[in-house]
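Read through the structure below, which is laid out as structure tokens, and then see the notes.
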Amino acid sequence: MDSREIRLLAPEPNSSATPIRNLGFRWTSVEGATSYTFVLSPNANLSGALVSQEVFGTANDFAGPLQAGRSYYWQVKAWKDRAVVSGSPVGVFSTLK
């Protein structure tokens, strides 16, 4: 695996049993990255984001709540010297009904 490739770890891609509260998002690090942008959205194109924030590690906790029985989408981008050096694919998961 390329050390600049971000892999989304949790919630597991395409999971259909994600809780609506207290979600822990995790991803792999990118060598040399100084920060990450974490985006969580109810839309596949990431519009109308519920969260879009700078994170200084490879994890972000979201208290929620999210809507039950719904799909959500998320993505992480790695930054170094004010430039994007890598971006993950858009991940998708569904919450418990």
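Here, A, B, ... name the chains of the structure tokens in the order displayed, residue numbers run from 1 inside each chain, and ligands are numbered from 1 in the same displayed order.
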- Message: Taking 3 positions as the minimum chain separation for residues in the same chain, which residues sit within 7 Å of region 16-21 of chain A when counting only C-alpha atoms? Answer as an MDAnalysis selection string.
- Response: chainID A and resid 63:68 93:96
Neighbouring residues of Phe38 (chain A) were defined as those with any atom within 10 Å, considering only C-alpha atoms; residues of the same chain fewer than 2 positions away were excluded. Please report them as a CSV table (one decimal) with N, CA and C atoms, in the first residue's frame.
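Okay, selection-v4.csv is ready:
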```csv
chain,number,residue,atom,x,y,z
A,25,PHE,N,-14.7,7.4,14.3
A,25,PHE,CA,-14.2,7.3,12.9
A,25,PHE,C,-12.7,7.1,13.0
A,35,SER,N,-2.1,17.5,9.1
A,35,SER,CA,-3.5,17.5,9.6
A,35,SER,C,-4.4,16.8,8.6
A,36,TYR,N,-5.6,16.5,9.0
A,36,TYR,CA,-6.6,15.9,8.1
A,36,TYR,C,-7.9,16.7,8.1
A,40,LEU,N,-18.4,14.4,7.1
A,40,LEU,CA,-19.5,13.5,7.3
A,40,LEU,C,-20.7,14.1,6.7
A,51,VAL,N,-20.5,17.5,9.5
A,51,VAL,CA,-19.2,17.8,10.1
A,51,VAL,C,-18.3,18.0,8.9
A,52,SER,N,-17.5,19.0,9.1
A,52,SER,CA,-16.3,19.3,8.2
A,52,SER,C,-15.3,20.0,9.0
A,53,GLN,N,-14.3,19.3,9.5
A,53,GLN,CA,-13.4,19.9,10.4
A,53,GLN,C,-12.0,19.4,10.2
A,54,GLU,N,-11.0,20.2,10.7
A,54,GLU,CA,-9.6,19.8,10.7
A,54,GLU,C,-9.3,19.0,11.9
A,55,VAL,N,-8.6,17.9,11.7
A,55,VAL,CA,-8.3,17.0,12.8
A,55,VAL,C,-6.8,16.8,12.7
A,58,THR,N,-5.6,10.6,13.4
A,58,THR,CA,-6.2,9.7,12.5
A,58,THR,C,-7.5,9.1,13.1
A,59,ALA,N,-8.2,10.0,13.9
A,59,ALA,CA,-9.5,9.6,14.5
A,59,ALA,C,-10.3,10.8,14.8
A,60,ASN,N,-11.6,10.6,14.8
A,60,ASN,CA,-12.5,11.6,15.1
A,60,ASN,C,-13.8,11.0,15.7
A,74,TRP,N,-18.7,9.6,4.2
A,74,TRP,CA,-17.6,10.3,4.8
A,74,TRP,C,-16.3,10.2,4.0
A,75,GLN,N,-15.4,11.2,4.2
A,75,GLN,CA,-14.2,11.2,3.5
A,75,GLN,C,-13.1,11.9,4.3
A,76,VAL,N,-11.9,11.6,4.1
A,76,VAL,CA,-10.8,12.2,4.8
A,76,VAL,C,-9.7,12.7,3.8
A,77,LYS,N,-9.2,13.9,4.0
A,77,LYS,CA,-8.1,14.4,3.2
A,77,LYS,C,-6.9,14.7,4.1
A,78,ALA,N,-5.7,14.4,3.6
A,78,ALA,CA,-4.5,14.7,4.3
A,78,ALA,C,-3.9,16.0,3.8
```
- Write down as a ChimeraX atom specification the residues of region 2-97 of chain A whose backbone DSSP state falls under strand (DSSP E). /A:8-10,23-27,35-41,51-55,59-62,71-80,83-87,91-94
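In this model, the gap between CA of Gly48 (chain A) and CA of Leu23 (chain A) comes to 19.0 Å.
Residue nearest Glu31 (chain A) within the list A:Glu12, A:Glu5, A:Asn45, A:Ala83: A:Glu5 [criterion: smallest interatomic distance, only C-alpha atoms].
Nearest-residue note for Thr34 (chain A): choosing from A:Val85, A:Asn22, A:Val92, A:Phe56, the minimum distance belongs to A:Phe56, counting only C-alpha atoms.
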- Pick from A:Pro89, A:Gly24, A:Pro42, A:Gly32: nearest to Arg4 (chain A), with only C-alpha atoms counted? A:Gly32
- Minimum-distance residue to Tyr73 (chain A), chosen among A:Pro11, A:Gly57, A:Val30, A:Ser86 (using only C-alpha atoms): A:Pro11
- Note on the structure: In Å and to one decimal, CA of Val90 (chain A) is distant from CA of Asp61 (chain A) by 17.8 Å
- Query: Just how far from CA of Ser41 (chain A) is CA of Lys97 (chain A), in Å to one decimal?
  - Reply: 18.2 Å
- Message: So that I can check the surroundings of Leu8 (chain A), please list as number ranges by chain every protein, DNA and RNA residue that reaches within 7 Å of it, counting only C-alpha atoms and ignoring chain neighbours fewer than 2 positions away.
- Response: A: 6, 10, 26-28
